[in-house]
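Structure file input11.pdb (PDB, C-alpha atoms, pLDDT in the B column) is printed below.
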```pdb
MODEL        1
ATOM      1  CA  GLU B 181     -13.550  11.022  -2.384  1.00 81.00           C
ATOM      2  CA  PRO B 182     -10.369  11.919  -0.455  1.00 85.00           C
ATOM      3  CA  GLU B 183      -7.701   9.257  -0.414  1.00 94.00           C
ATOM      4  CA  VAL B 184      -4.219   8.584   0.867  1.00 97.00           C
ATOM      5  CA  THR B 185      -1.557   8.665  -1.828  1.00 98.00           C
ATOM      6  CA  GLN B 186       1.924   7.150  -1.774  1.00 98.00           C
ATOM      7  CA  THR B 187       5.007   7.470  -3.942  1.00 97.00           C
ATOM      8  CA  PRO B 188       6.785   5.716  -5.441  1.00 98.00           C
ATOM      9  CA  SER B 189       4.658   2.667  -6.158  1.00 97.00           C
ATOM     10  CA  HIS B 190       7.788   0.516  -6.475  1.00 98.00           C
ATOM     11  CA  GLN B 191      11.290   1.210  -5.207  1.00 98.00           C
ATOM     12  CA  VAL B 192      14.265  -0.998  -5.927  1.00 98.00           C
ATOM     13  CA  THR B 193      17.418  -0.339  -3.949  1.00 98.00           C
ATOM     14  CA  GLN B 194      20.733  -1.919  -3.062  1.00 98.00           C
ATOM     15  CA  MET B 195      21.352  -3.224   0.423  1.00 98.00           C
ATOM     16  CA  GLY B 196      22.825  -0.503   2.609  1.00 97.00           C
ATOM     17  CA  GLN B 197      21.249   2.354   0.689  1.00 98.00           C
ATOM     18  CA  GLU B 198      18.843   4.878   2.156  1.00 98.00           C
ATOM     19  CA  VAL B 199      15.269   5.082   0.935  1.00 98.00           C
ATOM     20  CA  ILE B 200      12.509   7.566   1.582  1.00 98.00           C
ATOM     21  CA  LEU B 201       8.914   6.537   1.109  1.00 98.00           C
ATOM     22  CA  ARG B 202       6.407   9.324   0.742  1.00 98.00           C
ATOM     23  CA  CYS B 203       2.771   9.613   1.694  1.00 98.00           C
ATOM     24  CA  VAL B 204       0.147  12.315   1.466  1.00 97.00           C
ATOM     25  CA  PRO B 205      -2.533  11.566   4.077  1.00 96.00           C
ATOM     26  CA  ILE B 206      -6.144  12.660   3.742  1.00 95.00           C
ATOM     27  CA  SER B 207      -6.101  16.412   4.243  1.00 91.00           C
ATOM     28  CA  ASN B 208      -8.120  16.819   7.451  1.00 88.00           C
ATOM     29  CA  HIS B 209      -6.636  13.770   9.166  1.00 92.00           C
ATOM     30  CA  LEU B 210      -4.436  14.190  12.212  1.00 90.00           C
ATOM     31  CA  TYR B 211      -3.154  10.682  12.937  1.00 93.00           C
ATOM     32  CA  PHE B 212      -0.711   8.987  10.631  1.00 95.00           C
ATOM     33  CA  TYR B 213       0.599   5.454  10.524  1.00 96.00           C
ATOM     34  CA  TRP B 214       3.054   3.274   8.680  1.00 98.00           C
ATOM     35  CA  TYR B 215       2.496  -0.448   8.322  1.00 98.00           C
ATOM     36  CA  ARG B 216       4.361  -3.036   6.360  1.00 98.00           C
ATOM     37  CA  GLN B 217       3.467  -6.394   4.863  1.00 98.00           C
ATOM     38  CA  ILE B 218       6.117  -8.897   3.934  1.00 98.00           C
ATOM     39  CA  LEU B 219       4.945 -11.099   1.063  1.00 95.00           C
ATOM     40  CA  GLY B 220       2.538 -13.736   2.329  1.00 93.00           C
ATOM     41  CA  GLN B 221       2.522 -12.396   5.895  1.00 96.00           C
ATOM     42  CA  LYS B 222       0.320 -10.244   8.104  1.00 96.00           C
ATOM     43  CA  VAL B 223       0.068  -6.496   7.936  1.00 98.00           C
ATOM     44  CA  GLU B 224       2.311  -5.226  10.759  1.00 97.00           C
ATOM     45  CA  PHE B 225       2.253  -1.908  12.552  1.00 96.00           C
ATOM     46  CA  LEU B 226       5.459   0.131  12.409  1.00 97.00           C
ATOM     47  CA  VAL B 227       4.767   3.572  13.834  1.00 96.00           C
ATOM     48  CA  SER B 228       2.074   6.110  14.609  1.00 94.00           C
ATOM     49  CA  PHE B 229       2.533   9.870  14.452  1.00 94.00           C
ATOM     50  CA  TYR B 230       0.469  12.659  15.916  1.00 91.00           C
ATOM     51  CA  ASN B 231       1.080  16.333  16.592  1.00 89.00           C
ATOM     52  CA  ASN B 232       4.474  16.200  14.894  1.00 91.00           C
ATOM     53  CA  GLU B 233       5.892  13.450  17.007  1.00 93.00           C
ATOM     54  CA  ILE B 234       5.946   9.684  17.217  1.00 94.00           C
ATOM     55  CA  SER B 235       3.164   8.473  19.503  1.00 92.00           C
ATOM     56  CA  GLU B 236       3.971   4.784  19.331  1.00 92.00           C
ATOM     57  CA  LYS B 237       6.388   2.486  17.566  1.00 93.00           C
ATOM     58  CA  SER B 238       6.834  -1.244  17.242  1.00 93.00           C
ATOM     59  CA  GLU B 239       9.916  -3.365  17.867  1.00 93.00           C
ATOM     60  CA  ILE B 240      10.474  -3.416  14.116  1.00 94.00           C
ATOM     61  CA  PHE B 241      10.890   0.371  14.087  1.00 96.00           C
ATOM     62  CA  ASP B 242      14.514   0.489  15.212  1.00 94.00           C
ATOM     63  CA  ASP B 243      17.146   3.200  14.783  1.00 95.00           C
ATOM     64  CA  GLN B 244      17.296   2.558  11.043  1.00 96.00           C
ATOM     65  CA  PHE B 245      13.793   3.942  10.635  1.00 97.00           C
ATOM     66  CA  SER B 246      12.570   7.491  11.010  1.00 97.00           C
ATOM     67  CA  VAL B 247       9.442   9.417  10.136  1.00 97.00           C
ATOM     68  CA  GLU B 248       8.878  13.036   9.387  1.00 95.00           C
ATOM     69  CA  ARG B 249       6.152  15.428   8.410  1.00 93.00           C
ATOM     70  CA  PRO B 250       8.287  17.977   6.550  1.00 87.00           C
ATOM     71  CA  ASP B 251       5.359  20.186   5.559  1.00 88.00           C
ATOM     72  CA  GLY B 252       1.601  20.360   5.974  1.00 80.00           C
ATOM     73  CA  SER B 253       0.857  17.562   3.571  1.00 88.00           C
ATOM     74  CA  ASN B 254       3.641  14.985   3.296  1.00 94.00           C
ATOM     75  CA  PHE B 255       4.481  12.196   5.716  1.00 96.00           C
ATOM     76  CA  THR B 256       7.672  10.272   5.060  1.00 97.00           C
ATOM     77  CA  LEU B 257       9.297   7.051   6.192  1.00 98.00           C
ATOM     78  CA  LYS B 258      13.068   6.860   5.897  1.00 98.00           C
ATOM     79  CA  ILE B 259      15.090   3.687   6.122  1.00 98.00           C
ATOM     80  CA  ARG B 260      18.721   4.673   6.573  1.00 96.00           C
ATOM     81  CA  SER B 261      20.561   1.510   5.609  1.00 95.00           C
ATOM     82  CA  THR B 262      18.283  -1.008   3.978  1.00 97.00           C
ATOM     83  CA  LYS B 263      18.576  -4.721   4.620  1.00 97.00           C
ATOM     84  CA  LEU B 264      17.315  -7.605   2.520  1.00 97.00           C
ATOM     85  CA  GLU B 265      14.628  -8.266   5.125  1.00 97.00           C
ATOM     86  CA  ASP B 266      13.211  -4.772   4.652  1.00 98.00           C
ATOM     87  CA  SER B 267      11.755  -5.933   1.344  1.00 98.00           C
ATOM     88  CA  ALA B 268       8.001  -5.579   1.785  1.00 98.00           C
ATOM     89  CA  MET B 269       4.952  -3.517   0.921  1.00 98.00           C
ATOM     90  CA  TYR B 270       4.848  -0.366   3.000  1.00 98.00           C
ATOM     91  CA  PHE B 271       1.455   1.160   3.628  1.00 98.00           C
ATOM     92  CA  CYS B 272       0.702   4.610   4.943  1.00 98.00           C
ATOM     93  CA  ALA B 273      -2.615   5.134   6.713  1.00 97.00           C
ATOM     94  CA  SER B 274      -4.374   8.084   8.243  1.00 95.00           C
ATOM     95  CA  SER B 275      -7.254   8.701  10.605  1.00 93.00           C
ATOM     96  CA  ASP B 276      -9.117  11.810  11.685  1.00 89.00           C
ATOM     97  CA  ARG B 277      -9.508  10.637  15.281  1.00 78.00           C
ATOM     98  CA  VAL B 278      -7.989   8.108  17.604  1.00 71.00           C
ATOM     99  CA  GLY B 279     -11.114   6.892  19.367  1.00 67.00           C
ATOM    100  CA  ASP B 280     -13.064   5.129  16.639  1.00 68.00           C
ATOM    101  CA  ASN B 281      -9.917   4.941  14.611  1.00 75.00           C
ATOM    102  CA  GLU B 282     -11.131   4.179  11.105  1.00 91.00           C
ATOM    103  CA  GLN B 283      -7.820   4.098   9.313  1.00 94.00           C
ATOM    104  CA  PHE B 284      -7.649   4.556   5.565  1.00 96.00           C
ATOM    105  CA  PHE B 285      -4.749   3.057   3.703  1.00 98.00           C
ATOM    106  CA  GLY B 286      -2.778   4.299   0.746  1.00 98.00           C
ATOM    107  CA  PRO B 287      -1.959   2.062  -2.221  1.00 98.00           C
ATOM    108  CA  GLY B 288       1.436   1.143  -0.823  1.00 98.00           C
ATOM    109  CA  THR B 289       5.054   1.202  -1.926  1.00 98.00           C
ATOM    110  CA  ARG B 290       6.648  -2.068  -2.852  1.00 98.00           C
ATOM    111  CA  LEU B 291      10.253  -1.946  -1.599  1.00 98.00           C
ATOM    112  CA  THR B 292      12.690  -4.426  -3.063  1.00 98.00           C
ATOM    113  CA  VAL B 293      16.154  -4.581  -1.507  1.00 98.00           C
ATOM    114  CA  LEU B 294      18.770  -6.384  -3.590  1.00 97.00           C
TER     115      LEU B 294
ATOM    116  CA  GLN L 208       0.538 -10.413  23.461  1.00 71.00           C
ATOM    117  CA  LYS L 209      -2.474  -9.065  21.611  1.00 77.00           C
ATOM    118  CA  GLU L 210      -3.660 -11.511  18.983  1.00 90.00           C
ATOM    119  CA  VAL L 211      -6.221 -11.564  16.204  1.00 95.00           C
ATOM    120  CA  GLU L 212      -6.968 -14.985  14.764  1.00 96.00           C
ATOM    121  CA  GLN L 213      -8.615 -15.897  11.497  1.00 96.00           C
ATOM    122  CA  ASN L 214      -8.909 -19.072   9.477  1.00 89.00           C
ATOM    123  CA  SER L 215      -6.587 -18.672   6.519  1.00 85.00           C
ATOM    124  CA  GLY L 216      -8.882 -20.486   4.090  1.00 86.00           C
ATOM    125  CA  PRO L 217      -9.303 -20.614   1.253  1.00 93.00           C
ATOM    126  CA  LEU L 218     -13.024 -20.362   1.748  1.00 96.00           C
ATOM    127  CA  SER L 219     -14.665 -21.363  -1.483  1.00 97.00           C
ATOM    128  CA  VAL L 220     -18.311 -20.477  -2.113  1.00 97.00           C
ATOM    129  CA  PRO L 221     -20.476 -20.522  -5.223  1.00 98.00           C
ATOM    130  CA  GLU L 222     -21.690 -17.292  -6.734  1.00 98.00           C
ATOM    131  CA  GLY L 223     -24.847 -16.094  -5.018  1.00 98.00           C
ATOM    132  CA  ALA L 224     -24.142 -17.898  -1.737  1.00 98.00           C
ATOM    133  CA  ILE L 225     -23.434 -16.416   1.671  1.00 98.00           C
ATOM    134  CA  ALA L 226     -19.788 -16.266   2.707  1.00 97.00           C
ATOM    135  CA  SER L 227     -19.113 -16.312   6.439  1.00 97.00           C
ATOM    136  CA  LEU L 228     -15.767 -15.095   7.746  1.00 98.00           C
ATOM    137  CA  ASN L 229     -14.770 -15.341  11.385  1.00 97.00           C
ATOM    138  CA  CYS L 230     -12.308 -13.623  13.671  1.00 97.00           C
ATOM    139  CA  THR L 231     -11.404 -13.913  17.351  1.00 96.00           C
ATOM    140  CA  TYR L 232      -9.349 -11.453  19.339  1.00 94.00           C
ATOM    141  CA  SER L 233      -7.530 -11.593  22.655  1.00 92.00           C
ATOM    142  CA  ASP L 234      -7.728  -7.992  23.930  1.00 87.00           C
ATOM    143  CA  ARG L 235     -10.839  -7.714  26.139  1.00 87.00           C
ATOM    144  CA  GLY L 236     -10.399  -3.942  26.195  1.00 85.00           C
ATOM    145  CA  SER L 237     -10.950  -3.559  22.464  1.00 87.00           C
ATOM    146  CA  GLN L 238     -13.904  -1.365  21.576  1.00 88.00           C
ATOM    147  CA  SER L 239     -13.821  -1.149  17.806  1.00 91.00           C
ATOM    148  CA  PHE L 240     -13.390  -3.735  15.092  1.00 94.00           C
ATOM    149  CA  PHE L 241     -12.718  -3.461  11.402  1.00 96.00           C
ATOM    150  CA  TRP L 242     -12.910  -5.585   8.308  1.00 98.00           C
ATOM    151  CA  TYR L 243     -10.639  -4.799   5.419  1.00 98.00           C
ATOM    152  CA  ARG L 244     -10.642  -6.340   1.982  1.00 98.00           C
ATOM    153  CA  GLN L 245      -7.312  -6.857   0.257  1.00 98.00           C
ATOM    154  CA  TYR L 246      -6.996  -7.855  -3.354  1.00 98.00           C
ATOM    155  CA  SER L 247      -3.747  -9.519  -4.336  1.00 95.00           C
ATOM    156  CA  GLY L 248      -0.938  -6.977  -4.542  1.00 94.00           C
ATOM    157  CA  LYS L 249      -3.153  -4.143  -3.325  1.00 96.00           C
ATOM    158  CA  SER L 250      -3.636  -2.290  -0.081  1.00 98.00           C
ATOM    159  CA  PRO L 251      -6.245  -3.004   2.601  1.00 98.00           C
ATOM    160  CA  GLU L 252      -9.580  -1.336   1.866  1.00 97.00           C
ATOM    161  CA  LEU L 253     -11.899  -0.632   4.804  1.00 96.00           C
ATOM    162  CA  ILE L 254     -15.291  -2.219   4.201  1.00 97.00           C
ATOM    163  CA  MET L 255     -16.914  -2.464   7.640  1.00 96.00           C
ATOM    164  CA  SER L 256     -16.485  -1.133  11.136  1.00 95.00           C
ATOM    165  CA  ILE L 257     -18.432  -2.235  14.190  1.00 96.00           C
ATOM    166  CA  TYR L 258     -18.377  -0.957  17.747  1.00 93.00           C
ATOM    167  CA  SER L 259     -21.411  -2.433  19.535  1.00 92.00           C
ATOM    168  CA  ASN L 260     -22.571  -5.972  20.176  1.00 94.00           C
ATOM    169  CA  GLY L 261     -24.970  -7.245  17.564  1.00 95.00           C
ATOM    170  CA  ASP L 262     -25.239  -6.874  13.825  1.00 96.00           C
ATOM    171  CA  LYS L 263     -24.408  -4.016  11.507  1.00 97.00           C
ATOM    172  CA  GLU L 264     -25.510  -4.169   7.900  1.00 97.00           C
ATOM    173  CA  ASP L 265     -24.139  -2.253   4.931  1.00 96.00           C
ATOM    174  CA  GLY L 266     -25.386  -3.399   1.561  1.00 97.00           C
ATOM    175  CA  ARG L 267     -24.424  -7.039   1.058  1.00 98.00           C
ATOM    176  CA  PHE L 268     -22.126  -6.989   4.097  1.00 98.00           C
ATOM    177  CA  THR L 269     -23.133  -7.719   7.686  1.00 98.00           C
ATOM    178  CA  ALA L 270     -20.696  -7.524  10.565  1.00 97.00           C
ATOM    179  CA  GLN L 271     -21.535  -9.322  13.801  1.00 97.00           C
ATOM    180  CA  LEU L 272     -19.872  -8.640  17.136  1.00 96.00           C
ATOM    181  CA  ASN L 273     -19.965 -10.587  20.385  1.00 96.00           C
ATOM    182  CA  LYS L 274     -17.640  -8.960  22.903  1.00 93.00           C
ATOM    183  CA  ALA L 275     -18.311 -11.549  25.602  1.00 94.00           C
ATOM    184  CA  SER L 276     -17.025 -14.262  23.278  1.00 94.00           C
ATOM    185  CA  GLN L 277     -14.401 -11.948  21.763  1.00 95.00           C
ATOM    186  CA  TYR L 278     -15.681 -12.832  18.337  1.00 95.00           C
ATOM    187  CA  VAL L 279     -16.435 -10.792  15.249  1.00 97.00           C
ATOM    188  CA  SER L 280     -17.667 -12.072  11.923  1.00 97.00           C
ATOM    189  CA  LEU L 281     -18.411 -10.813   8.436  1.00 98.00           C
ATOM    190  CA  LEU L 282     -21.188 -12.158   6.264  1.00 98.00           C
ATOM    191  CA  ILE L 283     -21.244 -11.459   2.549  1.00 98.00           C
ATOM    192  CA  ARG L 284     -24.618 -12.116   0.963  1.00 98.00           C
ATOM    193  CA  ASP L 285     -25.087 -12.857  -2.731  1.00 98.00           C
ATOM    194  CA  SER L 286     -21.353 -13.417  -3.148  1.00 98.00           C
ATOM    195  CA  GLN L 287     -19.899 -12.316  -6.458  1.00 97.00           C
ATOM    196  CA  PRO L 288     -16.656 -13.363  -8.175  1.00 97.00           C
ATOM    197  CA  SER L 289     -15.461  -9.786  -7.590  1.00 97.00           C
ATOM    198  CA  ASP L 290     -15.642 -10.490  -3.835  1.00 98.00           C
ATOM    199  CA  SER L 291     -12.760 -12.937  -4.237  1.00 98.00           C
ATOM    200  CA  ALA L 292     -10.038 -11.428  -2.071  1.00 98.00           C
ATOM    201  CA  THR L 293      -8.406 -11.776   1.324  1.00 98.00           C
ATOM    202  CA  TYR L 294     -10.481 -10.380   4.191  1.00 98.00           C
ATOM    203  CA  LEU L 295      -8.527  -8.961   7.078  1.00 98.00           C
ATOM    204  CA  CYS L 296      -9.895  -8.552  10.571  1.00 97.00           C
ATOM    205  CA  ALA L 297      -8.253  -5.635  12.406  1.00 96.00           C
ATOM    206  CA  VAL L 298      -8.559  -4.670  16.047  1.00 93.00           C
ATOM    207  CA  PRO L 299      -7.033  -1.537  17.570  1.00 89.00           C
ATOM    208  CA  PHE L 300      -4.676  -2.203  20.446  1.00 81.00           C
ATOM    209  CA  SER L 301      -6.417  -0.677  23.432  1.00 71.00           C
ATOM    210  CA  GLY L 302      -3.304   0.450  25.258  1.00 68.00           C
ATOM    211  CA  GLY L 303      -2.056   3.220  23.020  1.00 65.00           C
ATOM    212  CA  TYR L 304      -2.796   5.260  19.952  1.00 66.00           C
ATOM    213  CA  ASN L 305      -4.929   2.470  18.552  1.00 75.00           C
ATOM    214  CA  LYS L 306      -2.427   0.815  16.294  1.00 89.00           C
ATOM    215  CA  LEU L 307      -4.263  -1.851  14.358  1.00 93.00           C
ATOM    216  CA  ILE L 308      -3.500  -5.483  15.033  1.00 93.00           C
ATOM    217  CA  PHE L 309      -4.331  -7.503  11.941  1.00 96.00           C
ATOM    218  CA  GLY L 310      -5.256 -11.113  11.572  1.00 97.00           C
ATOM    219  CA  ALA L 311      -3.560 -13.140   8.878  1.00 96.00           C
ATOM    220  CA  GLY L 312      -6.683 -12.869   6.723  1.00 97.00           C
ATOM    221  CA  THR L 313      -9.094 -15.336   5.193  1.00 97.00           C
ATOM    222  CA  ARG L 314      -8.835 -15.880   1.467  1.00 97.00           C
ATOM    223  CA  LEU L 315     -12.267 -16.020  -0.139  1.00 97.00           C
ATOM    224  CA  ALA L 316     -12.810 -17.546  -3.565  1.00 97.00           C
ATOM    225  CA  VAL L 317     -16.222 -17.093  -5.182  1.00 97.00           C
ATOM    226  CA  HIS L 318     -16.647 -19.374  -8.156  1.00 95.00           C
ATOM    227  CA  PRO L 319     -19.241 -18.881 -10.914  1.00 91.00           C
TER     228      PRO L 319
ENDMDL
END
```

Final structure tokens representation of the file:
Amino acid sequence: EPEVTQTPSHQVTQMGQEVILRCVPISNHLYFYWYRQILGQKVEFLVSFYNNEISEKSEIFDDQFSVERPDGSNFTLKIRSTKLEDSAMYFCASSDRVGDNEQFFGPGTRLTVL
Amino acid sequence: QKEVEQNSGPLSVPEGAIASLNCTYSDRGSQSFFWYRQYSGKSPELIMSIYSNGDKEDGRFTAQLNKASQYVSLLIRDSQPSDSATYLCAVPFSGGYNKLIFGAGTRLAVHP
């Protein structure tokens, strides 16, 4: 069964460093999302991406964040200068349509900022 | 502000019982509703989707939707210890590209 994959599973970084989180969505999906979940809190939407551009972003997704689909398979989230409060699980999700919008999540990347 | 509300639990049920999980949402324009299961330290796993008023059954799971009351529920029949997890209700925000708004989740504990 097709699934979303994410790498790395755990990333430890120093405050102020740049990190890139990688995702490979399900191959025939067209809509891509990043969510994050701070420990003990709700899953929060960050950004959606369709047709090679951002379709929507949340207030959390400020200038420190960017997304890219560098090739036909990968979807990346970059955090330019990490802060302590960026420590969270980051989930990539994909969907093959926007109407019914069943979104399938990857296993996540645990980001720890020291 | 679009909100999805769930009781945080824990909801404790004995093995073999029916677990009932509830969710209310604020966006009257919402047309689709999802239940995800999340084991500790893992990602959300889609287990049920429902789009029309009434019941939808899939194996031991039944989702119930009442759009007039803005209420969606999940019933788990014959609960097993392996069902112990946090159940997340998710509703797409109707104004855009259907970003999911998640509830805080209900923690279910099924004890032998």

Checklist entry - Out of L:Arg244, L:His318, L:Lys274, L:Lys263, which residue has the shortest atom-to-atom distance to chain B when counting all atoms listed in the file? => result L:Arg244

Pick out the residues sitting within 6 Å of Phe229 in chain B, and hand them over as an mmCIF file with C-alpha atoms, in the frame of the given file; count only C-alpha atoms, and ignore anything fewer than 3 positions along from it in its own chain.
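As written to disk, result-v9.cif reads:
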```cif
data_model
loop_
_atom_site.group_PDB
_atom_site.id
_atom_site.type_symbol
_atom_site.label_atom_id
_atom_site.label_comp_id
_atom_site.auth_asym_id
_atom_site.auth_seq_id
_atom_site.Cartn_x
_atom_site.Cartn_y
_atom_site.Cartn_z
ATOM 1 C CA TYR B 211 -3.154 10.682 12.937
ATOM 2 C CA PHE B 212 -0.711 8.987 10.631
ATOM 3 C CA GLU B 233 5.892 13.450 17.007
ATOM 4 C CA ILE B 234 5.946 9.684 17.217
ATOM 5 C CA SER B 235 3.164 8.473 19.503
#
```

Using all atoms listed in the file, find the residues of chain B whose closest atom to chain L is at most 10 Å away, then write them as an mmCIF file with C-alpha atoms, in the coordinates of the input.
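Listed below is the output, selection-v2.cif:
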```cif
data_model
loop_
_atom_site.group_PDB
_atom_site.id
_atom_site.type_symbol
_atom_site.label_atom_id
_atom_site.label_comp_id
_atom_site.auth_asym_id
_atom_site.auth_seq_id
_atom_site.Cartn_x
_atom_site.Cartn_y
_atom_site.Cartn_z
ATOM 1 C CA TYR B 211 -3.154 10.682 12.937
ATOM 2 C CA TYR B 213 0.599 5.454 10.524
ATOM 3 C CA TRP B 214 3.054 3.274 8.680
ATOM 4 C CA TYR B 215 2.496 -0.448 8.322
ATOM 5 C CA GLN B 217 3.467 -6.394 4.863
ATOM 6 C CA LEU B 219 4.945 -11.099 1.063
ATOM 7 C CA GLY B 220 2.538 -13.736 2.329
ATOM 8 C CA GLN B 221 2.522 -12.396 5.895
ATOM 9 C CA LYS B 222 0.320 -10.244 8.104
ATOM 10 C CA VAL B 223 0.068 -6.496 7.936
ATOM 11 C CA GLU B 224 2.311 -5.226 10.759
ATOM 12 C CA PHE B 225 2.253 -1.908 12.552
ATOM 13 C CA LEU B 226 5.459 0.131 12.409
ATOM 14 C CA VAL B 227 4.767 3.572 13.834
ATOM 15 C CA SER B 228 2.074 6.110 14.609
ATOM 16 C CA PHE B 229 2.533 9.870 14.452
ATOM 17 C CA TYR B 230 0.469 12.659 15.916
ATOM 18 C CA SER B 235 3.164 8.473 19.503
ATOM 19 C CA GLU B 236 3.971 4.784 19.331
ATOM 20 C CA LYS B 237 6.388 2.486 17.566
ATOM 21 C CA SER B 238 6.834 -1.244 17.242
ATOM 22 C CA MET B 269 4.952 -3.517 0.921
ATOM 23 C CA TYR B 270 4.848 -0.366 3.000
ATOM 24 C CA PHE B 271 1.455 1.160 3.628
ATOM 25 C CA CYS B 272 0.702 4.610 4.943
ATOM 26 C CA ALA B 273 -2.615 5.134 6.713
ATOM 27 C CA ARG B 277 -9.508 10.637 15.281
ATOM 28 C CA VAL B 278 -7.989 8.108 17.604
ATOM 29 C CA GLY B 279 -11.114 6.892 19.367
ATOM 30 C CA ASP B 280 -13.064 5.129 16.639
ATOM 31 C CA ASN B 281 -9.917 4.941 14.611
ATOM 32 C CA GLU B 282 -11.131 4.179 11.105
ATOM 33 C CA GLN B 283 -7.820 4.098 9.313
ATOM 34 C CA PHE B 284 -7.649 4.556 5.565
ATOM 35 C CA PHE B 285 -4.749 3.057 3.703
ATOM 36 C CA GLY B 286 -2.778 4.299 0.746
ATOM 37 C CA PRO B 287 -1.959 2.062 -2.221
ATOM 38 C CA GLY B 288 1.436 1.143 -0.823
ATOM 39 C CA THR B 289 5.054 1.202 -1.926
ATOM 40 C CA ARG B 290 6.648 -2.068 -2.852
#
```

Checklist entry - Any idea what the distance is between CA of Pro205 in chain B and CA of Ser267 in chain B? => result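 Those two atoms sit 22.8 Å apart.
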
Item to check | Between CA of Gln208 in chain L and CA of Glu265 in chain B, distance in Å (one decimal) | outcome: 23.2 Å
